[in-house]
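Structure record follows, encoded as structure tokens.
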Amino acid sequence: MYHGKVLRPVKAAFVSTYPPRQCGIATFCSDLLNSMLQLYGNGNSSGPDHNNFEVIALNRAAENYNYGREVSFHIRDQHHHDYQRAADFINLSPVDSVSIQHEYGIFGGEDGSYINYLLSSLKKPAVTTLHTVLEEPTPGQKQTLKRICEQSVTIVVMANAAVDILNRVYKVPAEKIQLIPHGAPDVPFLDSSYYKDQFQAEGRKVLLTFGLLSPSKGLEYAIEAMEDVAKAHPDALYIVLGATHPEVKRLYGEEYRHKLEKMVRDRGLEKNVTFYNQYVSLERLVQFLVATDIYVTPYLSREQITSGTLAYAVACGKAVVSTPYIYAEELLADGRGALVPFKDSRALANQLDKLLTDEELRNRMRKNSYQYGRQMIWKEVARNYATTFEQARHCYGDMFVQSEKGADVTERAILPEVNLKHLKAMSDDTGLYQHAVFSVPDRNHGYCTDDNARGLIAACMHWRLFKDEDTRPLLHTYLSFLYHALNSKKERMRNFMSFDRHWLEDLGSEDSHGRTLWALGYTIAHPAGEAVLGIANRLFKELIKAPLSFTSPRAWAFSALGANYYLRRFGGDTRVRKIMAELGDKLLLMFKQNASDDWYWFEEILAYDNARLSQALIVTGNHLDHPEMFETGLKSLQWLIDVQTNPEGGHLSLIGNDGWYVRGGEKARFDQQPVDAAALTDACYQAFVLTGKDHWLKAMEWSFNWFFGSNDAHQPLYDFSSGGCYDGIQPGGINQNMGGESVVSLLLALQRVHLVAHQGYFQEQLNLIR
């Protein structure tokens with residue numbers, strides 16, 4: 001490591017949200033940048049030193065902010081190509097280092113994984129500040145953060161506990177981690193009465209919570225506590241300062257704020273609790289803080305590893321009462337504050353009463369906080385960051401000397417954007433059309449449950465990836481179609497509907513029932529809101545019993561896949577777990593009755609959606625900890641791959657539906673269809689995730705590339721302009737129609753590969769499309 005002094009002004013780019021966007025990370029980045037300008041003697045953001053810093057700002061797609069001139073590039077957070085372009089922009093800029101402010105929610109992709117597109121293309125040292133470090137992350141969160149840490153020269157955290165978690169959970173070497181406190185304004189140690197007249201609070205004891213409002217703040221418990229506090233201290237005034245978090249407001253409006261205001265009215269606390277629905281300037285915020293006697297953070301999440309609001313309160317010398325989240329435990333140790341249990345309004349009231357009554361204790365706490373907070377003022381924090389940037393610059397060459405190996409001969413992997421243009425063209429307010437004549441919907445064939453179930457998964461996966469509001473109408477349409485398709489008297493799904501919205505049958509195929517459960521299970525695992533979760537859950541429970549009486553192995557498989565997704569959210573549902581186990585047993589028994597060394601398969605025929613049978617055994621065997629089932633799924637999937645490998649070109653040669661492949665007969669070469677390539681791609685993905693073996697990742701790529709020309713026709717089936725997919729490969733070439741099944745099959749495969757790419761699996765080891 002470099003241990004020299006900062007001899008010259010650093011030149012840095014900051015990748016972050018940025019004001020005027022209302023976001024805690026944006027405020028942090030702005031304060032850090034301005035403090036670094038002041039460190040070099042130019043705090044007005046207008047002199048020559050300002051040219052040493054630039055901001056790469058993250059935006060929601062619909063946002064258009066009036067940024068200052070320090071913002072030199074915008075990233076639309078859900079567009080992964082923007083991250084690569086931002087890296088190219090930074091690589092050509094004169095900056096020496098890149099400061100990335102990381103919080104999962106500000107970046108696009110599954111678990112904020114799009115930032116790895118930028119990091120993998122960056123040719124400047126990255127110093128990443130972690131605002132969240134989860135001790136119990138989901139697999140996706142863990143993978144994303146591990147990739148970020150691997151590609152960063154230095155990781156900055158704001159609490160000692162984060163150093164331990166990174167080392168223990170994410171295997172980040174301790175020497176790569178730098179502890180720099182959260183910054184805070186440099187405020188004199190003033191008496192709390194100084195600004196109280198500005199808030200009509202003269203002679204009153206002021207309690208304060210500030211920050212963007214969201215349910216995770218736990219403010220309802222503070223209001224409940226104020227009911228007891230007001231009885232003992234009628235002059236107590238609790239100020240809740242802050243606008244509603246923009247994302248919470250976008251999704252739920254002012255529901256949380258109205259709930260809190262109603263609590264105040266119901267308890268008759270109008271004189272003791274007041275709300276300032278404002279996003280205030282730093283100057284105004286300092287006035288609120290100075291006027292505060294006790295600062296309160298009743299937050300609900302134990303894993304919160306930093307809090308700008310708590311840092312500000314401590315640095316300003318405030319007595320603090322908080323719940324014991326990780327950052328609070330550390331910051332308020334040694335008499336700098338008091339901790340109370342989570343969701344315990346009575347304990348909170350007792351502690352507030354104690355501090356309001358004992359002025360000596362309150363003042364001692366204030367002094368302890370203020371003295372500790374001197375290391376947290378922005379001037380000191382900026383100096384630490386400047387040194388860290390300089391160290392990163394010196395260490396970068398040694399740490400990444402091999403990073404460019406092969407760059408001159410290896411083309412960057414290119415993955416098409418997910419384009420819903422054709423899916424939307426194939427959908428109306430009833431649902432997804434079955435067929436098309438060329439690219440035009442064919443109304444003669446109406447709709448079917450099979451395609452709308454697949455469409456629902458595609459819409460849910462798109463929402464999961466991109467949080468695109470334009471996806472909601474499609475998702476609601478497909479879910480509504482499935483809900484209407486239920487024949488509630490027989491607890492079975494209908495399948496075919498004419499264009500004039502008449503059902504053509506009372507009972508649909510067993511496969512359509514199974515595909516519906518598959519789609520509903522995925523929707524339950526990854527819902528776009530509580531309403532979607534509610535209706536999907538209701539319909540799933542009505543349908544889940546029927547597959548036990550089915551005879552179709554594909555219906556069993558799809559139902560088992562749906563149950564597996566369902567259990568990811570409701571793992572304690574023993575009924576669904578038992579049904580999934582019975583379906584898995586049925587598939588395993590069928591396999592044993594039909595398989596041999598030369599025909600390692602479930603049936604006497606290889607037909608359609610074959611890979612779903614293997615996939616169902618893989619996920620069910622894994623969930624049930626059933627090694628025989630799991631291994632049978634893997635081995636049958638490998639056999640299916642071997643059977644469908646073209647002996648000359650080595651590419652995927654799907655079994656055609658013009659005759660299929662009967663045991664002992666000849667394999668039909670045509671009509672090859674996208675649904676089978678999508679099934680194989682998804683099954684290989686599951687095999688990779690559950691085994692961790694790169695062999696399955698490469699098999700997934702191999703299957704996926706069928707859509708892009710690695711096939712018997714040597715032609716792509718994907719239409720790059722519309723996002724559509726041709727209906728298959730015929731003896732004369734590509735079937736020029738682009739129906740509903742084909743487009744959703746393509747989308748399911750493409751979105752699955754996007755999920756994998758976002759998590760970094762493809763980087764440096766796979767080239768998807770040359």
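In the structure tokens, chains take the letters A, B, ... in the order shown, each chain's residues start at 1, and ligands count up from 1 in the order shown.
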
- [ ] Report the residues of stretch 493-543 of chain A whose backbone DSSP state falls under strand (DSSP E or B), written as a ChimeraX atom specification.
- [x] /A:493,496-497,503

Give me a file of those residues, with all heavy atoms, as a PDB file, in the first residue's frame.
```pdb
ATOM      1  N   MET A 493     -58.080 -25.233 -15.240  1.00  0.00           N
ATOM      2  CA  MET A 493     -57.919 -24.136 -16.177  1.00  0.00           C
ATOM      3  C   MET A 493     -58.514 -24.483 -17.533  1.00  0.00           C
ATOM      4  O   MET A 493     -58.434 -25.629 -17.991  1.00  0.00           O
ATOM      5  CB  MET A 493     -56.434 -23.805 -16.350  1.00  0.00           C
ATOM      6  CG  MET A 493     -55.755 -23.298 -15.093  1.00  0.00           C
ATOM      7  SD  MET A 493     -56.409 -21.716 -14.515  1.00  0.00           S
ATOM      8  CE  MET A 493     -55.763 -20.604 -15.784  1.00  0.00           C
ATOM      9  N   PHE A 496     -58.195 -22.563 -24.468  1.00  0.00           N
ATOM     10  CA  PHE A 496     -58.373 -21.801 -25.702  1.00  0.00           C
ATOM     11  C   PHE A 496     -59.560 -20.852 -25.627  1.00  0.00           C
ATOM     12  O   PHE A 496     -60.661 -21.240 -25.242  1.00  0.00           O
ATOM     13  CB  PHE A 496     -58.539 -22.754 -26.890  1.00  0.00           C
ATOM     14  CG  PHE A 496     -57.317 -23.582 -27.149  1.00  0.00           C
ATOM     15  CD1 PHE A 496     -57.319 -24.949 -26.886  1.00  0.00           C
ATOM     16  CD2 PHE A 496     -56.155 -23.002 -27.633  1.00  0.00           C
ATOM     17  CE1 PHE A 496     -56.188 -25.721 -27.112  1.00  0.00           C
ATOM     18  CE2 PHE A 496     -55.019 -23.761 -27.861  1.00  0.00           C
ATOM     19  CZ  PHE A 496     -55.035 -25.123 -27.598  1.00  0.00           C
ATOM     20  N   MET A 497     -59.309 -19.610 -26.075  1.00  0.00           N
ATOM     21  CA  MET A 497     -60.353 -18.578 -26.125  1.00  0.00           C
ATOM     22  C   MET A 497     -60.358 -17.969 -27.525  1.00  0.00           C
ATOM     23  O   MET A 497     -59.300 -17.664 -28.088  1.00  0.00           O
ATOM     24  CB  MET A 497     -60.077 -17.478 -25.085  1.00  0.00           C
ATOM     25  CG  MET A 497     -61.055 -16.300 -25.168  1.00  0.00           C
ATOM     26  SD  MET A 497     -60.580 -14.917 -24.106  1.00  0.00           S
ATOM     27  CE  MET A 497     -61.287 -15.441 -22.561  1.00  0.00           C
ATOM     28  N   TRP A 503     -64.842 -18.902 -24.420  1.00  0.00           N
ATOM     29  CA  TRP A 503     -64.021 -20.080 -24.159  1.00  0.00           C
ATOM     30  C   TRP A 503     -64.463 -21.213 -25.079  1.00  0.00           C
ATOM     31  O   TRP A 503     -65.652 -21.430 -25.279  1.00  0.00           O
ATOM     32  CB  TRP A 503     -64.136 -20.512 -22.702  1.00  0.00           C
ATOM     33  CG  TRP A 503     -63.425 -19.572 -21.777  1.00  0.00           C
ATOM     34  CD1 TRP A 503     -63.987 -18.695 -20.896  1.00  0.00           C
ATOM     35  CD2 TRP A 503     -62.014 -19.394 -21.668  1.00  0.00           C
ATOM     36  NE1 TRP A 503     -63.022 -17.981 -20.243  1.00  0.00           N
ATOM     37  CE2 TRP A 503     -61.794 -18.387 -20.694  1.00  0.00           C
ATOM     38  CE3 TRP A 503     -60.911 -19.979 -22.291  1.00  0.00           C
ATOM     39  CZ2 TRP A 503     -60.515 -17.957 -20.335  1.00  0.00           C
ATOM     40  CZ3 TRP A 503     -59.625 -19.546 -21.934  1.00  0.00           C
ATOM     41  CH2 TRP A 503     -59.449 -18.555 -20.966  1.00  0.00           C
TER      42      TRP A 503
END
```

For A:Leu750, list every protein, DNA or RNA residue within 9 Å, evaluated using only C-alpha atoms, and leave out those in the same chain fewer than 5 positions away; present the list as a PDB file with all heavy atoms, in the first residue's frame.
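Result saved to part-v6.pdb:
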```
ATOM      1  N   LEU A 415     -24.763  -8.417 -25.411  1.00  0.00           N
ATOM      2  CA  LEU A 415     -26.038  -9.034 -25.086  1.00  0.00           C
ATOM      3  C   LEU A 415     -27.137  -8.063 -25.489  1.00  0.00           C
ATOM      4  O   LEU A 415     -27.134  -6.908 -25.064  1.00  0.00           O
ATOM      5  CB  LEU A 415     -26.099  -9.304 -23.574  1.00  0.00           C
ATOM      6  CG  LEU A 415     -27.259 -10.137 -23.054  1.00  0.00           C
ATOM      7  CD1 LEU A 415     -27.260 -11.524 -23.704  1.00  0.00           C
ATOM      8  CD2 LEU A 415     -27.150 -10.279 -21.540  1.00  0.00           C
ATOM      9  N   PRO A 416     -28.069  -8.494 -26.335  1.00  0.00           N
ATOM     10  CA  PRO A 416     -29.107  -7.566 -26.782  1.00  0.00           C
ATOM     11  C   PRO A 416     -29.942  -7.047 -25.620  1.00  0.00           C
ATOM     12  O   PRO A 416     -30.165  -7.744 -24.629  1.00  0.00           O
ATOM     13  CB  PRO A 416     -29.975  -8.434 -27.711  1.00  0.00           C
ATOM     14  CG  PRO A 416     -29.117  -9.591 -28.087  1.00  0.00           C
ATOM     15  CD  PRO A 416     -28.204  -9.826 -26.936  1.00  0.00           C
ATOM     16  N   GLU A 417     -30.384  -5.814 -25.730  1.00  0.00           N
ATOM     17  CA  GLU A 417     -31.331  -5.274 -24.764  1.00  0.00           C
ATOM     18  C   GLU A 417     -32.628  -6.081 -24.852  1.00  0.00           C
ATOM     19  O   GLU A 417     -32.980  -6.628 -25.898  1.00  0.00           O
ATOM     20  CB  GLU A 417     -31.639  -3.801 -25.083  1.00  0.00           C
ATOM     21  CG  GLU A 417     -30.468  -2.865 -24.897  1.00  0.00           C
ATOM     22  CD  GLU A 417     -30.290  -2.416 -23.462  1.00  0.00           C
ATOM     23  OE1 GLU A 417     -30.989  -2.959 -22.573  1.00  0.00           O
ATOM     24  OE2 GLU A 417     -29.445  -1.535 -23.224  1.00  0.00           O
ATOM     25  N   VAL A 418     -33.331  -6.161 -23.741  1.00  0.00           N
ATOM     26  CA  VAL A 418     -34.640  -6.807 -23.748  1.00  0.00           C
ATOM     27  C   VAL A 418     -35.640  -5.828 -24.357  1.00  0.00           C
ATOM     28  O   VAL A 418     -35.876  -4.746 -23.812  1.00  0.00           O
ATOM     29  CB  VAL A 418     -35.075  -7.208 -22.326  1.00  0.00           C
ATOM     30  CG1 VAL A 418     -36.460  -7.841 -22.366  1.00  0.00           C
ATOM     31  CG2 VAL A 418     -34.063  -8.164 -21.715  1.00  0.00           C
ATOM     32  N   ALA A 678     -35.641 -22.378 -25.228  1.00  0.00           N
ATOM     33  CA  ALA A 678     -35.836 -21.636 -23.975  1.00  0.00           C
ATOM     34  C   ALA A 678     -35.839 -22.571 -22.776  1.00  0.00           C
ATOM     35  O   ALA A 678     -35.254 -22.271 -21.726  1.00  0.00           O
ATOM     36  CB  ALA A 678     -37.141 -20.853 -24.037  1.00  0.00           C
ATOM     37  N   PHE A 704     -28.700 -20.952 -25.530  1.00  0.00           N
ATOM     38  CA  PHE A 704     -29.208 -19.614 -25.826  1.00  0.00           C
ATOM     39  C   PHE A 704     -28.818 -19.162 -27.227  1.00  0.00           C
ATOM     40  O   PHE A 704     -29.587 -18.501 -27.926  1.00  0.00           O
ATOM     41  CB  PHE A 704     -28.669 -18.648 -24.765  1.00  0.00           C
ATOM     42  CG  PHE A 704     -29.013 -17.210 -25.001  1.00  0.00           C
ATOM     43  CD1 PHE A 704     -30.322 -16.756 -24.873  1.00  0.00           C
ATOM     44  CD2 PHE A 704     -28.026 -16.296 -25.333  1.00  0.00           C
ATOM     45  CE1 PHE A 704     -30.631 -15.419 -25.085  1.00  0.00           C
ATOM     46  CE2 PHE A 704     -28.336 -14.959 -25.537  1.00  0.00           C
ATOM     47  CZ  PHE A 704     -29.645 -14.522 -25.414  1.00  0.00           C
ATOM     48  N   SER A 745     -40.917 -17.210 -25.529  1.00  0.00           N
ATOM     49  CA  SER A 745     -39.812 -18.147 -25.344  1.00  0.00           C
ATOM     50  C   SER A 745     -38.477 -17.432 -25.472  1.00  0.00           C
ATOM     51  O   SER A 745     -37.555 -17.630 -24.649  1.00  0.00           O
ATOM     52  CB  SER A 745     -39.901 -19.278 -26.366  1.00  0.00           C
ATOM     53  OG  SER A 745     -41.069 -20.054 -26.170  1.00  0.00           O
ATOM     54  N   LEU A 755     -30.112 -11.965 -16.357  1.00  0.00           N
ATOM     55  CA  LEU A 755     -29.957 -12.152 -14.916  1.00  0.00           C
ATOM     56  C   LEU A 755     -28.577 -12.703 -14.581  1.00  0.00           C
ATOM     57  O   LEU A 755     -27.920 -12.269 -13.630  1.00  0.00           O
ATOM     58  CB  LEU A 755     -31.029 -13.116 -14.392  1.00  0.00           C
ATOM     59  CG  LEU A 755     -32.428 -12.548 -14.178  1.00  0.00           C
ATOM     60  CD1 LEU A 755     -33.405 -13.672 -13.849  1.00  0.00           C
ATOM     61  CD2 LEU A 755     -32.429 -11.517 -13.064  1.00  0.00           C
TER      62      LEU A 755
END
```

Open item on the list: I'd like the contact shell of A:Val280 - 10 Å cut-off, only C-alpha atoms, skipping same-chain residues fewer than 6 positions apart - returned as an MDAnalysis selection string.
Closed with: chainID A and resid 210:211 241:243 286 288

Store the residues picked out above, limited to N, CA, C and O atoms, as a PDB file, in the first residue's frame.
```pdb
ATOM      1  N   PHE A 210     -35.179  13.129  11.657  1.00  0.00           N
ATOM      2  CA  PHE A 210     -35.228  13.714  10.316  1.00  0.00           C
ATOM      3  C   PHE A 210     -34.779  12.680   9.294  1.00  0.00           C
ATOM      4  O   PHE A 210     -34.141  11.681   9.610  1.00  0.00           O
ATOM      5  N   GLY A 211     -35.116  12.943   8.044  1.00  0.00           N
ATOM      6  CA  GLY A 211     -34.772  12.045   6.935  1.00  0.00           C
ATOM      7  C   GLY A 211     -36.007  11.741   6.107  1.00  0.00           C
ATOM      8  O   GLY A 211     -37.137  12.078   6.477  1.00  0.00           O
ATOM      9  N   LEU A 241     -39.184  15.503  10.727  1.00  0.00           N
ATOM     10  CA  LEU A 241     -38.749  16.388   9.658  1.00  0.00           C
ATOM     11  C   LEU A 241     -38.356  15.572   8.438  1.00  0.00           C
ATOM     12  O   LEU A 241     -37.477  14.707   8.517  1.00  0.00           O
ATOM     13  N   GLY A 242     -38.982  15.837   7.311  1.00  0.00           N
ATOM     14  CA  GLY A 242     -38.566  15.178   6.076  1.00  0.00           C
ATOM     15  C   GLY A 242     -39.719  14.873   5.153  1.00  0.00           C
ATOM     16  O   GLY A 242     -40.826  14.561   5.596  1.00  0.00           O
ATOM     17  N   ALA A 243     -39.449  14.950   3.863  1.00  0.00           N
ATOM     18  CA  ALA A 243     -40.437  14.564   2.854  1.00  0.00           C
ATOM     19  C   ALA A 243     -40.510  13.042   2.777  1.00  0.00           C
ATOM     20  O   ALA A 243     -39.623  12.328   3.254  1.00  0.00           O
ATOM     21  N   VAL A 286     -29.332  22.168  10.110  1.00  0.00           N
ATOM     22  CA  VAL A 286     -28.486  22.453  11.278  1.00  0.00           C
ATOM     23  C   VAL A 286     -29.275  23.217  12.326  1.00  0.00           C
ATOM     24  O   VAL A 286     -29.134  22.970  13.535  1.00  0.00           O
ATOM     25  N   PHE A 288     -32.499  22.984  12.916  1.00  0.00           N
ATOM     26  CA  PHE A 288     -33.345  21.987  13.585  1.00  0.00           C
ATOM     27  C   PHE A 288     -32.522  21.177  14.592  1.00  0.00           C
ATOM     28  O   PHE A 288     -32.953  20.925  15.715  1.00  0.00           O
TER      29      PHE A 288
END
```

Task: Atomic distance atom CA of A:Leu606 - atom CA of A:Ser742, expressed in Å with one decimal - done: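 Calculated distance between atom CA of A:Leu606 and atom CA of A:Ser742 is 19.8 Å.
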
Can you write out as a Markdown table which residues of stretch 655-758 of chain A fall within 10 Å of stretch 106-124 of chain A, alongside each residue's closest atom pair and its distance in Å to one decimal, counting only C-alpha atoms and ordering rows by chain and ascending residue number?
```
| residue | atom | partner | partner_atom | distance |
| --- | --- | --- | --- | --- |
| A:His754 | CA | A:Gly109 | CA | 8.5 |
| A:Leu755 | CA | A:Glu110 | CA | 6.5 |
| A:Val756 | CA | A:Glu110 | CA | 9.2 |
| A:Ala757 | CA | A:Ser113 | CA | 8.7 |
| A:His758 | CA | A:Ser113 | CA | 5.0 |
```

Task: Distance query stretch 431-437 of chain A at most 6 Å, only C-alpha atoms, self and fewer than 6 positions along chain excluded, as a list in words - done: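 Result of the neighbour search: Gly446, Tyr447, Asn452, Thr477, Tyr478, Asn737, Met738, Gly739 and Gly740 of chain A.
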
Open item on the list: Show me, as a PyMOL selection string, the residues that have an atom within 6 Å of stretch 339-355 of chain A when counting only C-alpha atoms, minus same-chain residues fewer than 5 positions from it.
Closed with: chain A and resi 221+224-225+229+321-324+362

Selection export as a CSV table (one decimal), in the first residue's frame, atoms kept: N, CA and C atoms:
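out25.csv, freshly written:
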```csv
chain,number,residue,atom,x,y,z
A,221,TYR,N,-43.7,3.7,16.3
A,221,TYR,CA,-43.4,3.3,17.7
A,221,TYR,C,-43.0,4.6,18.5
A,224,GLU,N,-46.3,6.2,19.4
A,224,GLU,CA,-46.9,5.5,20.5
A,224,GLU,C,-46.2,5.9,21.8
A,225,ALA,N,-44.8,6.0,21.8
A,225,ALA,CA,-44.1,6.4,23.0
A,225,ALA,C,-44.4,7.8,23.4
A,229,VAL,N,-44.9,9.9,27.0
A,229,VAL,CA,-44.0,11.0,27.3
A,229,VAL,C,-44.8,12.3,27.5
A,321,VAL,N,-31.5,8.6,21.5
A,321,VAL,CA,-32.2,7.3,21.8
A,321,VAL,C,-32.5,6.6,20.5
A,322,SER,N,-32.0,5.4,20.5
A,322,SER,CA,-32.1,4.6,19.2
A,322,SER,C,-32.4,3.2,19.5
A,323,THR,N,-33.0,2.5,18.4
A,323,THR,CA,-33.0,1.1,18.4
A,323,THR,C,-31.6,0.5,18.1
A,324,PRO,N,-31.3,-0.7,18.5
A,324,PRO,CA,-30.0,-1.2,18.4
A,324,PRO,C,-29.6,-1.8,17.0
A,362,ARG,N,-28.3,13.9,30.3
A,362,ARG,CA,-28.5,14.4,29.0
A,362,ARG,C,-27.3,15.2,28.5
```

Open item on the list: Run DSSP on the backbone and tell me which residues of stretch 258-481 of chain A come out as helix (DSSP H, G or I); list them as a PyMOL selection string.
Closed with: chain A and resi 258-266+282-290+308-315+326-331+345-357+359-376+378-399+421-425+443-445+449-466+471-481

TODO: Excluding A:Leu285 and any residue of its chain fewer than 5 positions from it, enumerate the residues within 12 Å of it, using only C-alpha atoms, and give them as number ranges by chain.
DONE: A: 184-185, 187, 195, 208-211, 241-242, 276, 278-280, 290-292, 309, 312-313, 316

Residue subset to file, keeping N, CA, C and O atoms, as a JSON list (two decimals), in the first residue's frame:
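Generated output (part_25.json):
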```json
[["chain", "number", "residue", "atom", "x", "y", "z"],
["A", 184, "ALA", "N", -20.16, 14.67, 8.52],
["A", 184, "ALA", "CA", -21.18, 15.48, 9.18],
["A", 184, "ALA", "C", -20.73, 16.93, 9.19],
["A", 184, "ALA", "O", -19.52, 17.22, 9.13],
["A", 185, "PRO", "N", -21.65, 17.88, 9.29],
["A", 185, "PRO", "CA", -21.27, 19.29, 9.29],
["A", 185, "PRO", "C", -20.53, 19.67, 10.57],
["A", 185, "PRO", "O", -20.72, 19.07, 11.62],
["A", 187, "VAL", "N", -20.42, 21.91, 13.38],
["A", 187, "VAL", "CA", -21.35, 22.80, 14.06],
["A", 187, "VAL", "C", -20.83, 23.09, 15.46],
["A", 187, "VAL", "O", -20.40, 22.17, 16.17],
["A", 195, "TYR", "N", -32.06, 28.07, 18.66],
["A", 195, "TYR", "CA", -32.92, 28.28, 17.49],
["A", 195, "TYR", "C", -34.39, 27.93, 17.74],
["A", 195, "TYR", "O", -35.19, 27.92, 16.80],
["A", 208, "LEU", "N", -36.39, 15.06, 17.98],
["A", 208, "LEU", "CA", -36.34, 15.18, 16.51],
["A", 208, "LEU", "C", -35.99, 13.85, 15.87],
["A", 208, "LEU", "O", -35.15, 13.10, 16.36],
["A", 209, "THR", "N", -36.66, 13.56, 14.76],
["A", 209, "THR", "CA", -36.22, 12.56, 13.79],
["A", 209, "THR", "C", -36.26, 13.22, 12.43],
["A", 209, "THR", "O", -37.28, 13.83, 12.08],
["A", 210, "PHE", "N", -35.18, 13.13, 11.66],
["A", 210, "PHE", "CA", -35.23, 13.71, 10.32],
["A", 210, "PHE", "C", -34.78, 12.68, 9.29],
["A", 210, "PHE", "O", -34.14, 11.68, 9.61],
["A", 211, "GLY", "N", -35.12, 12.94, 8.04],
["A", 211, "GLY", "CA", -34.77, 12.05, 6.94],
["A", 211, "GLY", "C", -36.01, 11.74, 6.11],
["A", 211, "GLY", "O", -37.14, 12.08, 6.48],
["A", 241, "LEU", "N", -39.18, 15.50, 10.73],
["A", 241, "LEU", "CA", -38.75, 16.39, 9.66],
["A", 241, "LEU", "C", -38.36, 15.57, 8.44],
["A", 241, "LEU", "O", -37.48, 14.71, 8.52],
["A", 242, "GLY", "N", -38.98, 15.84, 7.31],
["A", 242, "GLY", "CA", -38.57, 15.18, 6.08],
["A", 242, "GLY", "C", -39.72, 14.87, 5.15],
["A", 242, "GLY", "O", -40.83, 14.56, 5.60],
["A", 276, "TYR", "N", -42.98, 18.21, 9.55],
["A", 276, "TYR", "CA", -42.49, 19.16, 8.57],
["A", 276, "TYR", "C", -42.24, 18.37, 7.28],
["A", 276, "TYR", "O", -41.22, 17.68, 7.17],
["A", 278, "GLN", "N", -40.90, 18.46, 4.42],
["A", 278, "GLN", "CA", -39.96, 19.25, 3.64],
["A", 278, "GLN", "C", -38.66, 18.49, 3.43],
["A", 278, "GLN", "O", -38.27, 17.69, 4.28],
["A", 279, "TYR", "N", -38.01, 18.78, 2.33],
["A", 279, "TYR", "CA", -36.63, 18.34, 2.11],
["A", 279, "TYR", "C", -35.79, 19.59, 2.27],
["A", 279, "TYR", "O", -35.71, 20.42, 1.38],
["A", 280, "VAL", "N", -35.18, 19.77, 3.45],
["A", 280, "VAL", "CA", -34.61, 21.07, 3.82],
["A", 280, "VAL", "C", -33.15, 21.18, 3.41],
["A", 280, "VAL", "O", -32.45, 20.19, 3.20],
["A", 290, "VAL", "N", -29.64, 21.92, 16.11],
["A", 290, "VAL", "CA", -29.21, 22.71, 17.26],
["A", 290, "VAL", "C", -30.34, 22.87, 18.26],
["A", 290, "VAL", "O", -30.15, 22.82, 19.48],
["A", 291, "ALA", "N", -31.55, 23.03, 17.77],
["A", 291, "ALA", "CA", -32.72, 23.22, 18.65],
["A", 291, "ALA", "C", -33.17, 21.93, 19.33],
["A", 291, "ALA", "O", -34.06, 21.96, 20.19],
["A", 292, "THR", "N", -32.56, 20.82, 18.98],
["A", 292, "THR", "CA", -33.00, 19.51, 19.48],
["A", 292, "THR", "C", -32.35, 19.18, 20.83],
["A", 292, "THR", "O", -31.15, 19.36, 21.03],
["A", 309, "THR", "N", -28.30, 10.41, 9.17],
["A", 309, "THR", "CA", -29.01, 11.23, 10.15],
["A", 309, "THR", "C", -28.43, 11.04, 11.55],
["A", 309, "THR", "O", -28.26, 12.00, 12.31],
["A", 312, "TYR", "N", -25.06, 12.83, 11.79],
["A", 312, "TYR", "CA", -25.24, 14.27, 11.96],
["A", 312, "TYR", "C", -25.59, 14.59, 13.42],
["A", 312, "TYR", "O", -25.06, 15.54, 14.00],
["A", 313, "ALA", "N", -26.49, 13.80, 13.99],
["A", 313, "ALA", "CA", -26.93, 14.08, 15.37],
["A", 313, "ALA", "C", -25.77, 13.94, 16.35],
["A", 313, "ALA", "O", -25.60, 14.78, 17.25],
["A", 316, "CYS", "N", -23.24, 16.78, 15.99],
["A", 316, "CYS", "CA", -23.77, 18.04, 16.51],
["A", 316, "CYS", "C", -23.90, 18.02, 18.04],
["A", 316, "CYS", "O", -24.36, 19.01, 18.63]]
```

- [ ] Could you check how far atom CA of A:Asp293 sits from atom CA of A:Cys29, in Å to one decimal?
- [x]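 Rounded to one decimal, the two atoms are 28.3 Å apart.
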
- [ ] To one decimal in Å, tell me the separation between atom CA of A:Ser439 and atom CA of A:His462.
- [x]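 Result for atom CA of A:Ser439 versus atom CA of A:His462: 21.7 Å, one decimal.
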
- [ ] Write out as a PyMOL selection string which residues come within 12 Å of stretch 684-688 of chain A when counting only C-alpha atoms, dropping same-chain ones fewer than 2 positions away.
- [x] chain A and resi 561+564+611-612+614-622+630-638+640-641+677-682+690-704+748-757+761

- [ ] Would you please work out which residue, of A:Leu589, A:Leu624, A:Ala57, A:Met376, is nearest to A:Arg577 when using only C-alpha atoms?
- [x]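 Checking each of A:Leu589, A:Leu624, A:Ala57, A:Met376 against A:Arg577, counting only C-alpha atoms, the winner is A:Leu624.
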
- [ ] Return the single residue from A:Glu666, A:Asp235, A:Glu741, A:Asp266 that is closest to A:Asp450, with distances computed using only C-alpha atoms.
- [x]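 Closest residue, counting only C-alpha atoms: A:Glu741.
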